[in-house]
>>> print(open('data.csv').read())   # CSV, C-alpha atoms and all ligand atoms
chain,number,residue,atom,x,y,z
A,1130,MET,CA,-34.0,11.2,13.5
A,1131,THR,CA,-33.1,9.0,10.6
A,1132,ARG,CA,-30.0,8.4,8.8
A,1133,ARG,CA,-29.2,6.6,5.6
A,1134,PHE,CA,-26.0,4.8,4.6
A,1135,LYS,CA,-24.8,4.1,1.1
A,1136,PRO,CA,-23.0,0.9,0.0
A,1137,TYR,CA,-20.1,1.1,-2.5
A,1138,THR,CA,-18.7,-1.8,-4.5
A,1139,ILE,CA,-14.9,-1.7,-4.6
A,1140,GLU,CA,-15.1,-0.3,-8.1
A,1141,GLU,CA,-17.5,2.5,-6.9
A,1142,PHE,CA,-15.2,3.1,-3.9
A,1143,GLU,CA,-12.3,3.6,-6.3
A,1144,SER,CA,-14.0,6.2,-8.4
A,1145,LEU,CA,-15.3,7.9,-5.2
A,1146,ILE,CA,-11.8,8.2,-3.9
A,1147,ASP,CA,-10.4,9.2,-7.3
A,1148,LYS,CA,-12.8,12.2,-7.4
A,1149,LEU,CA,-12.4,13.0,-3.7
A,1150,SER,CA,-10.8,16.3,-2.6
A,1151,ILE,CA,-10.6,16.8,1.2
A,1152,LYS,CA,-9.1,19.6,3.3
A,1153,ARG,CA,-8.1,17.4,6.2
A,1154,LYS,CA,-4.5,16.1,6.1
A,1155,ILE,CA,-4.6,12.2,6.1
A,1156,ASN,CA,-1.7,10.5,7.7
A,1157,HIS,CA,-2.9,7.0,8.6
A,1158,ILE,CA,-5.5,4.3,7.9
A,1159,GLN,CA,-7.1,2.5,10.9
A,1160,ILE,CA,-8.2,-1.1,10.7
A,1161,HIS,CA,-10.8,-2.4,13.2
A,1162,HIS,CA,-13.3,-5.2,13.4
A,1163,THR,CA,-16.7,-4.8,14.9
A,1164,TRP,CA,-16.3,-8.0,17.1
A,1165,LYS,CA,-20.1,-7.6,17.6
A,1166,PRO,CA,-22.0,-7.6,15.2
A,1167,ARG,CA,-20.5,-10.7,13.8
A,1168,LYS,CA,-20.3,-11.6,10.1
A,1169,SER,CA,-23.3,-13.9,10.7
A,1170,ASP,CA,-25.3,-11.0,12.1
A,1171,TYR,CA,-24.9,-8.9,9.0
A,1172,LYS,CA,-28.2,-7.8,7.4
A,1173,GLY,CA,-27.2,-4.9,5.2
A,1174,GLU,CA,-28.0,-1.3,6.0
A,1175,SER,CA,-29.9,-2.1,9.3
A,1176,THR,CA,-26.6,-3.5,10.7
A,1177,ILE,CA,-24.9,-0.1,10.0
A,1178,LEU,CA,-27.8,1.8,11.4
A,1179,GLY,CA,-27.5,-0.3,14.6
A,1180,MET,CA,-23.9,0.8,15.0
A,1181,TRP,CA,-24.8,4.4,14.2
A,1182,ARG,CA,-27.5,4.3,17.0
A,1183,TYR,CA,-25.1,2.8,19.5
A,1184,HIS,CA,-22.4,5.4,18.7
A,1185,THR,CA,-24.7,8.5,18.7
A,1186,GLU,CA,-27.2,7.5,21.4
A,1187,THR,CA,-25.1,5.4,23.9
A,1188,LYS,CA,-21.6,6.8,23.2
A,1189,LYS,CA,-22.9,10.3,22.4
A,1190,TRP,CA,-20.5,10.7,19.5
A,1191,GLN,CA,-21.4,13.2,16.8
A,1192,ASP,CA,-21.9,10.4,14.1
A,1193,ILE,CA,-21.0,6.8,13.5
A,1194,ALA,CA,-17.3,6.3,14.5
A,1195,GLN,CA,-16.0,4.9,11.2
A,1196,HIS,CA,-15.7,6.3,7.7
A,1197,PHE,CA,-16.3,2.9,6.0
A,1198,SER,CA,-17.6,-0.5,7.1
A,1199,PRO,CA,-16.4,-3.4,4.8
A,1200,ALA,CA,-19.1,-6.0,4.9
A,1201,PRO,CA,-18.9,-9.8,4.4
A,1202,ASP,CA,-20.6,-9.4,0.9
A,1203,GLY,CA,-17.7,-7.1,-0.2
A,1204,LEU,CA,-19.7,-3.8,0.0
A,1205,LEU,CA,-18.1,-0.8,1.7
A,1206,TRP,CA,-20.7,1.1,3.6
A,1207,ASP,CA,-20.1,4.8,4.0
A,1208,GLY,CA,-20.0,6.5,7.4
A,1209,ARG,CA,-19.0,9.8,8.9
A,1210,SER,CA,-17.8,12.6,6.8
A,1211,LEU,CA,-14.3,12.2,5.5
A,1212,GLU,CA,-13.6,15.8,6.7
A,1213,LEU,CA,-14.0,14.5,10.3
A,1214,ASP,CA,-11.4,12.6,12.3
A,1215,PRO,CA,-12.8,9.1,13.2
A,1216,ALA,CA,-13.7,7.9,16.7
A,1217,GLY,CA,-11.6,4.8,16.5
A,1218,ILE,CA,-8.5,4.9,18.8
A,1219,THR,CA,-8.4,7.0,22.0
A,1220,ASN,CA,-5.9,9.8,21.5
A,1221,HIS,CA,-4.9,8.6,18.1
A,1222,ASN,CA,-7.5,9.7,15.6
A,1223,LYS,CA,-6.0,12.9,14.1
A,1224,GLY,CA,-5.6,12.5,10.3
A,1225,GLY,CA,-7.1,9.0,10.3
A,1226,ILE,CA,-9.4,7.2,7.9
A,1227,MET,CA,-11.2,4.4,9.8
A,1228,PHE,CA,-12.3,1.0,8.5
A,1229,GLU,CA,-14.6,-1.0,10.7
A,1230,MET,CA,-14.7,-4.5,9.2
A,1231,ILE,CA,-17.9,-6.4,10.1
A,1232,GLY,CA,-17.0,-9.6,11.9
A,1233,ASP,CA,-15.2,-11.2,14.8
A,1234,PHE,CA,-11.7,-12.0,13.6
A,1235,ASP,CA,-10.3,-13.4,16.8
A,1236,ILE,CA,-8.7,-16.8,16.4
A,1237,GLY,CA,-11.4,-19.6,16.4
A,1238,GLN,CA,-14.2,-17.1,15.5
A,1239,GLU,CA,-14.8,-15.8,12.0
A,1240,GLN,CA,-12.4,-15.6,8.9
A,1241,LEU,CA,-11.5,-12.5,7.0
A,1242,GLU,CA,-11.7,-13.9,3.5
A,1243,GLY,CA,-13.2,-13.7,0.0
A,1244,LYS,CA,-15.0,-10.6,-1.2
A,1245,GLN,CA,-14.6,-8.8,2.2
A,1246,LEU,CA,-10.8,-9.4,2.3
A,1247,TYR,CA,-10.5,-8.2,-1.3
A,1248,ALA,CA,-12.6,-5.1,-0.6
A,1249,ILE,CA,-10.7,-4.0,2.5
A,1250,THR,CA,-7.2,-4.7,1.2
A,1251,ARG,CA,-7.8,-3.0,-2.2
A,1252,ALA,CA,-9.6,0.0,-0.5
A,1253,VAL,CA,-6.6,0.4,1.8
A,1254,ALA,CA,-4.2,0.3,-1.2
A,1255,VAL,CA,-6.4,2.9,-3.1
A,1256,LEU,CA,-6.2,5.3,-0.1
A,1257,LEU,CA,-2.4,4.8,0.4
A,1258,LYS,CA,-2.0,5.8,-3.2
A,1259,LYS,CA,-4.4,8.7,-3.1
A,1260,PHE,CA,-2.7,10.2,0.0
A,1261,ASN,CA,0.8,9.2,-1.0
A,1262,LEU,CA,1.3,7.1,2.2
A,1263,GLY,CA,3.6,4.1,2.8
A,1264,TYR,CA,2.5,0.8,4.2
A,1265,ASP,CA,3.6,2.0,7.6
A,1266,ALA,CA,0.6,4.3,7.6
A,1267,ILE,CA,-1.6,1.2,8.1
A,1268,VAL,CA,-2.6,1.1,11.8
A,1269,PHE,CA,-4.2,-1.8,13.7
A,1270,HIS,CA,-6.2,-0.7,16.8
A,1271,ARG,CA,-4.3,-3.1,19.0
A,1272,GLU,CA,-1.1,-1.2,18.4
A,1273,TYR,CA,-2.4,1.7,20.5
A,1274,ALA,CA,-4.7,-0.1,23.0
A,1275,PRO,CA,-4.9,-3.3,25.1
A,1276,LYS,CA,-7.3,-4.9,22.7
A,1277,THR,CA,-7.1,-7.7,20.0
A,1278,CYS,CA,-8.8,-5.4,17.4
A,1279,PRO,CA,-8.9,-6.1,14.4
A,1280,GLY,CA,-8.7,-9.7,15.7
A,1281,THR,CA,-6.0,-12.1,16.7
A,1282,GLY,CA,-6.7,-14.0,13.5
A,1283,ILE,CA,-5.3,-11.1,11.5
A,1284,ASN,CA,-1.5,-11.0,11.2
A,1285,LYS,CA,-0.3,-7.5,10.3
A,1286,GLU,CA,2.5,-8.7,8.0
A,1287,TRP,CA,0.0,-10.9,6.1
A,1288,PHE,CA,-2.5,-8.1,5.9
A,1289,ILE,CA,0.2,-5.7,4.4
A,1290,GLU,CA,1.3,-8.4,1.9
A,1291,THR,CA,-2.3,-8.8,0.8
A,1292,VAL,CA,-2.6,-5.0,0.4
A,1293,LYS,CA,0.5,-5.1,-1.8
A,1294,ARG,CA,-0.9,-7.9,-3.9
A,1295,SER,CA,-4.3,-6.2,-4.4
A,1296,GLY,CA,-3.3,-4.9,-7.8
A,1297,VAL,CA,-3.2,-1.2,-7.1
A,1298,LYS,CA,0.0,0.3,-8.5
A,1299,MET,CA,1.6,2.7,-6.0
A,1300,SER,CA,2.5,6.1,-7.5
A,1301,ASN,CA,5.9,5.9,-5.8
A,1302,GLU,CA,6.7,2.7,-7.5
A,1303,ARG,CA,9.4,3.0,-10.2
A,1304,ASP,CA,8.4,2.7,-13.8
A,1305,ILE,CA,10.9,0.1,-14.9
A,1306,ASN,CA,10.6,1.3,-18.5
A,1307,GLY,CA,11.5,4.9,-17.8
A,1308,VAL,CA,15.0,6.5,-17.6
A,1309,PRO,CA,15.4,9.4,-15.1
A,1310,ASP,CA,16.6,12.6,-16.7
A,1311,TRP,CA,19.9,12.6,-14.8
A,1312,ALA,CA,20.8,9.1,-16.2
A,1313,ALA,CA,19.5,9.5,-19.8
A,1314,LYS,CA,22.9,10.2,-21.4
A,1315,ASP,CA,24.7,7.5,-19.5
A,1316,TRP,CA,22.0,4.9,-20.2
A,1317,GLU,CA,22.2,5.8,-23.9
A,1318,GLU,CA,26.0,5.5,-23.9
A,1319,ALA,CA,26.0,2.2,-22.0
A,1320,VAL,CA,23.5,0.8,-24.5
A,1321,ALA,CA,25.4,2.1,-27.5
A,1322,ASN,CA,28.6,0.4,-26.2
A,1323,GLY,CA,26.8,-2.9,-25.7
A,1324,TYR,CA,26.8,-3.1,-21.9
A,1325,PHE,CA,22.9,-3.3,-21.7
A,1326,ASP,CA,20.4,-4.4,-24.3
A,1327,GLY,CA,18.3,-1.2,-23.9
A,1328,THR,CA,15.3,-2.7,-22.2
A,1329,ARG,CA,13.9,-2.2,-18.6
A,1330,PRO,CA,16.3,0.7,-17.6
A,1331,GLY,CA,14.5,1.1,-14.2
A,1332,ASP,CA,14.6,-2.6,-13.3
A,1333,ASN,CA,16.8,-4.4,-10.7
A,1334,VAL,CA,20.0,-6.1,-12.0
A,1335,THR,CA,20.3,-9.9,-11.3
A,1336,ARG,CA,23.7,-11.5,-10.5
A,1337,ALA,CA,23.7,-13.2,-14.0
A,1338,GLU,CA,23.0,-9.9,-15.7
A,1339,LEU,CA,25.8,-8.2,-13.7
A,1340,ALA,CA,28.2,-11.1,-14.7
A,1341,CYS,CA,27.6,-10.3,-18.4
A,1342,VAL,CA,28.2,-6.6,-17.8
A,1343,VAL,CA,31.4,-7.2,-15.8
A,1344,ASN,CA,32.7,-9.6,-18.4
A,1345,LYS,CA,32.1,-7.1,-21.2
A,1346,ILE,CA,34.0,-4.5,-19.3
A,1347,ARG,CA,36.8,-7.0,-18.6
A,1348,ARG,CA,37.1,-8.0,-22.3
A,1349,ASN,CA,37.3,-4.3,-23.3
A,1350,PHE,CA,39.9,-3.5,-20.7
A,1351,LYS,CA,42.2,-6.4,-21.5
A,1352,PRO,CA,43.5,-5.1,-24.9
A,1353,LEU,CA,43.9,-1.7,-23.4
A,1354,ILE,CA,46.1,-3.0,-20.5
A,1355,GLU,CA,48.1,-5.1,-22.9
A,1356,GLN,CA,48.7,-2.1,-25.2
A,1357,ASN,CA,49.8,0.0,-22.2
A,1358,LYS,CA,52.2,-2.8,-21.0
A,1359,LYS,CA,53.8,-2.8,-24.4
A,1360,ASN,CA,54.2,1.0,-24.2
A,1361,ILE,CA,55.8,0.8,-20.8
A,1362,ASP,CA,58.2,-2.0,-21.9
A,1363,GLU,CA,59.3,0.1,-24.9
A,1364,LEU,CA,59.8,3.1,-22.6
A,1365,ALA,CA,61.8,0.9,-20.2
A,1366,THR,CA,64.1,-0.2,-23.1
A,1367,LYS,CA,64.6,3.4,-24.2
A,1368,ILE,CA,65.6,4.5,-20.6
A,1369,LYS,CA,68.1,1.7,-20.4
A,1401,ZN,ZN,-11.0,-1.3,17.1
>>> encode(input="data.csv", output="structure tokens", more="lines below")
Ligand SMILES: [Zn+2]
Amino acid sequence: MTRRFKPYTIEEFESLIDKLSIKRKINHIQIHHTWKPRKSDYKGESTILGMWRYHTETKKWQDIAQHFSPAPDGLLWDGRSLELDPAGITNHNKGGIMFEMIGDFDIGQEQLEGKQLYAITRAVAVLLKKFNLGYDAIVFHREYAPKTCPGTGINKEWFIETVKRSGVKMSNERDINGVPDWAAKDWEEAVANGYFDGTRPGDNVTRAELACVVNKIRRNFKPLIEQNKKNIDELATKIK
């Protein structure tokens, strides 16, 4: 029996995922390293075939365990059908998409860097966006098993930060230039009255910007209060 695997550049991966429609409900993304083969053992498709043989012949699994194998050259090799759960983490595969990064990323061994780091972190970001998942959907194998996988050299916070900086805009991120319908009238009124300059309605407010708004309100209220005080004083005179 023979099997072929197809390599995707990160750009090809993005258009694959963009067109993808799958019935299975995706709820997490698994991150693994091969440990063996190492980065230095990588020889293209034959390396993926070696894993496939091990998984199907020795482990007796129905196909290669992972959905994608990010390689040191930045290619993402395909794997089992995306309609199938992976064989990545015992009792924790339902709804997963599995990445098996080629390399041994334990401290003192190999480094996750360059094209491979860019491909895995950008691919994860693309999938989070596609399936509307938060960063908490990123799962490291070691969180569910007494293993170091995907390697003690990979800090999870650092990995998530790198996914965030991969340049994929999340669909749940606010568009700072848009005004939500419920706030449209208030925004228009606040701009017309000079409290805001009309730009970036969805952006955060800094302390300096808030100081300007507070002072504008204060300057508008002062004459009102003074006028009221005059009215009250006049009323007090009348009552006497
Ligand atoms: Zn693993």
>>> closest_atom_pairs(input="data.csv", of="chain A", to="ligand ZN 1401 (chain A)", cutoff="8 Å", atoms="all atoms listed in the file", output="tab-separated table")
residue	atom	partner	partner_atom	distance
A:Ile1160	CA	A:ZN1401	ZN	7.0
A:His1161	CA	A:ZN1401	ZN	4.1
A:His1162	CA	A:ZN1401	ZN	5.8
A:Thr1163	CA	A:ZN1401	ZN	7.0
A:Gly1217	CA	A:ZN1401	ZN	6.2
A:Ile1218	CA	A:ZN1401	ZN	6.9
A:Glu1229	CA	A:ZN1401	ZN	7.3
A:Phe1269	CA	A:ZN1401	ZN	7.6
A:His1270	CA	A:ZN1401	ZN	4.8
A:Arg1271	CA	A:ZN1401	ZN	7.2
A:Lys1276	CA	A:ZN1401	ZN	7.6
A:Cys1278	CA	A:ZN1401	ZN	4.7
A:Pro1279	CA	A:ZN1401	ZN	5.9
>>> closest_residue(input="data.csv", among="A:Gly1179, A:Gln1159, A:Lys1244, A:Trp1164", to="A:Ala1216", atoms="only C-alpha atoms")
A:Gln1159
>>> residues_around(input="data.csv", residues="A:Val1297", least_positions_apart="4", cutoff="7 Å", atoms="only C-alpha atoms", output="list in words")
Arg1251, Ala1254 and Val1255 of chain A
>>> closest_residue(input="data.csv", among="A:Ile1361, A:Val1308, A:Met1230, A:Leu1257", to="A:Gly1280", atoms="all atoms listed in the file")
A:Met1230
>>> atom_distance(input="data.csv", atom1="atom CA of A:Lys1189", atom2="atom CA of A:Pro1215")
13.7 Å
>>> atom_distance(input="data.csv", atom1="atom CA of A:Arg1294", atom2="atom CA of A:Arg1336")
25.7 Å
>>> closest_residue(input="data.csv", among="A:Asn1306, A:Ser1295, A:Glu1318, A:Glu1290", to="A:Asn1333", atoms="all atoms listed in the file")
A:Asn1306
>>> atom_distance(input="data.csv", atom1="atom CA of A:Asn1322", atom2="atom CA of A:Glu1355")
20.5 Å
>>> residues_near_point(input="data.csv", point="(-12.8, 4.6, 7.9)", cutoff="8 Å", atoms="only C-alpha atoms", output="list in words")
Ile1158, Gln1159, Ile1160, Gln1195, His1196, Phe1197, Ser1198, Gly1208, Pro1215, Gly1225, Ile1226, Met1227, Phe1228 and Glu1229 of chain A
>>> build_atoms(input="data.csv", residues="stretch 1172-1200 of chain A", atoms="N, CA and C atoms", output="mmCIF file, keeping the file's coordinate frame")
data_model
loop_
_atom_site.group_PDB
_atom_site.id
_atom_site.type_symbol
_atom_site.label_atom_id
_atom_site.label_comp_id
_atom_site.auth_asym_id
_atom_site.auth_seq_id
_atom_site.Cartn_x
_atom_site.Cartn_y
_atom_site.Cartn_z
ATOM 1 N N LYS A 1172 -26.931 -7.815 8.167
ATOM 2 C CA LYS A 1172 -28.200 -7.800 7.400
ATOM 3 C C LYS A 1172 -28.291 -6.496 6.584
ATOM 4 N N GLY A 1173 -27.137 -6.062 6.027
ATOM 5 C CA GLY A 1173 -27.200 -4.900 5.200
ATOM 6 C C GLY A 1173 -27.267 -3.582 5.991
ATOM 7 N N GLU A 1174 -28.000 -2.594 5.450
ATOM 8 C CA GLU A 1174 -28.000 -1.300 6.000
ATOM 9 C C GLU A 1174 -28.457 -1.240 7.510
ATOM 10 N N SER A 1175 -29.358 -2.154 7.890
ATOM 11 C CA SER A 1175 -29.900 -2.100 9.300
ATOM 12 C C SER A 1175 -28.721 -2.424 10.269
ATOM 13 N N THR A 1176 -27.721 -3.187 9.839
ATOM 14 C CA THR A 1176 -26.600 -3.500 10.700
ATOM 15 C C THR A 1176 -25.763 -2.190 10.931
ATOM 16 N N ILE A 1177 -25.602 -1.382 9.872
ATOM 17 C CA ILE A 1177 -24.900 -0.100 10.000
ATOM 18 C C ILE A 1177 -25.659 0.862 10.843
ATOM 19 N N LEU A 1178 -26.979 0.878 10.643
ATOM 20 C CA LEU A 1178 -27.800 1.800 11.400
ATOM 21 C C LEU A 1178 -27.764 1.397 12.933
ATOM 22 N N GLY A 1179 -27.658 0.120 13.227
ATOM 23 C CA GLY A 1179 -27.500 -0.300 14.600
ATOM 24 C C GLY A 1179 -26.263 0.238 15.254
ATOM 25 N N MET A 1180 -25.164 0.224 14.492
ATOM 26 C CA MET A 1180 -23.900 0.800 15.000
ATOM 27 C C MET A 1180 -24.028 2.289 15.188
ATOM 28 N N TRP A 1181 -24.660 2.926 14.180
ATOM 29 C CA TRP A 1181 -24.800 4.400 14.200
ATOM 30 C C TRP A 1181 -25.630 4.787 15.485
ATOM 31 N N ARG A 1182 -26.700 4.026 15.770
ATOM 32 C CA ARG A 1182 -27.500 4.300 17.000
ATOM 33 C C ARG A 1182 -26.690 4.167 18.227
ATOM 34 N N TYR A 1183 -25.920 3.097 18.295
ATOM 35 C CA TYR A 1183 -25.100 2.800 19.500
ATOM 36 C C TYR A 1183 -24.058 3.965 19.666
ATOM 37 N N HIS A 1184 -23.421 4.364 18.563
ATOM 38 C CA HIS A 1184 -22.400 5.400 18.700
ATOM 39 C C HIS A 1184 -22.948 6.770 19.021
ATOM 40 N N THR A 1185 -24.119 7.112 18.465
ATOM 41 C CA THR A 1185 -24.700 8.500 18.700
ATOM 42 C C THR A 1185 -25.523 8.527 19.966
ATOM 43 N N GLU A 1186 -26.281 7.446 20.242
ATOM 44 C CA GLU A 1186 -27.200 7.500 21.400
ATOM 45 C C GLU A 1186 -26.516 7.065 22.684
ATOM 46 N N THR A 1187 -25.780 5.948 22.636
ATOM 47 C CA THR A 1187 -25.100 5.400 23.900
ATOM 48 C C THR A 1187 -23.816 6.142 24.111
ATOM 49 N N LYS A 1188 -22.979 6.164 23.071
ATOM 50 C CA LYS A 1188 -21.600 6.800 23.200
ATOM 51 C C LYS A 1188 -21.674 8.296 23.130
ATOM 52 N N LYS A 1189 -22.759 8.846 22.589
ATOM 53 C CA LYS A 1189 -22.900 10.300 22.400
ATOM 54 C C LYS A 1189 -21.915 10.908 21.468
ATOM 55 N N TRP A 1190 -21.457 10.113 20.499
ATOM 56 C CA TRP A 1190 -20.500 10.700 19.500
ATOM 57 C C TRP A 1190 -21.353 11.437 18.467
ATOM 58 N N GLN A 1191 -20.689 12.299 17.693
ATOM 59 C CA GLN A 1191 -21.400 13.200 16.800
ATOM 60 C C GLN A 1191 -22.006 12.407 15.584
ATOM 61 N N ASP A 1192 -21.416 11.254 15.267
ATOM 62 C CA ASP A 1192 -21.900 10.400 14.100
ATOM 63 C C ASP A 1192 -21.332 9.020 14.361
ATOM 64 N N ILE A 1193 -21.622 8.120 13.452
ATOM 65 C CA ILE A 1193 -21.000 6.800 13.500
ATOM 66 C C ILE A 1193 -19.485 6.990 13.541
ATOM 67 N N ALA A 1194 -18.770 6.100 14.245
ATOM 68 C CA ALA A 1194 -17.300 6.300 14.500
ATOM 69 C C ALA A 1194 -16.501 6.222 13.212
ATOM 70 N N GLN A 1195 -16.869 5.268 12.329
ATOM 71 C CA GLN A 1195 -16.000 4.900 11.200
ATOM 72 C C GLN A 1195 -16.373 5.638 9.901
ATOM 73 N N HIS A 1196 -15.392 5.692 8.994
ATOM 74 C CA HIS A 1196 -15.700 6.300 7.700
ATOM 75 C C HIS A 1196 -16.244 5.202 6.728
ATOM 76 N N PHE A 1197 -15.796 3.950 6.895
ATOM 77 C CA PHE A 1197 -16.300 2.900 6.000
ATOM 78 C C PHE A 1197 -16.408 1.580 6.818
ATOM 79 N N SER A 1198 -17.432 0.797 6.491
ATOM 80 C CA SER A 1198 -17.600 -0.500 7.100
ATOM 81 C C SER A 1198 -17.599 -1.581 6.008
ATOM 82 N N PRO A 1199 -16.467 -2.277 5.836
ATOM 83 C CA PRO A 1199 -16.400 -3.400 4.800
ATOM 84 C C PRO A 1199 -17.223 -4.576 5.330
ATOM 85 N N ALA A 1200 -18.169 -4.995 4.519
ATOM 86 C CA ALA A 1200 -19.100 -6.000 4.900
ATOM 87 C C ALA A 1200 -18.712 -7.397 4.320
#
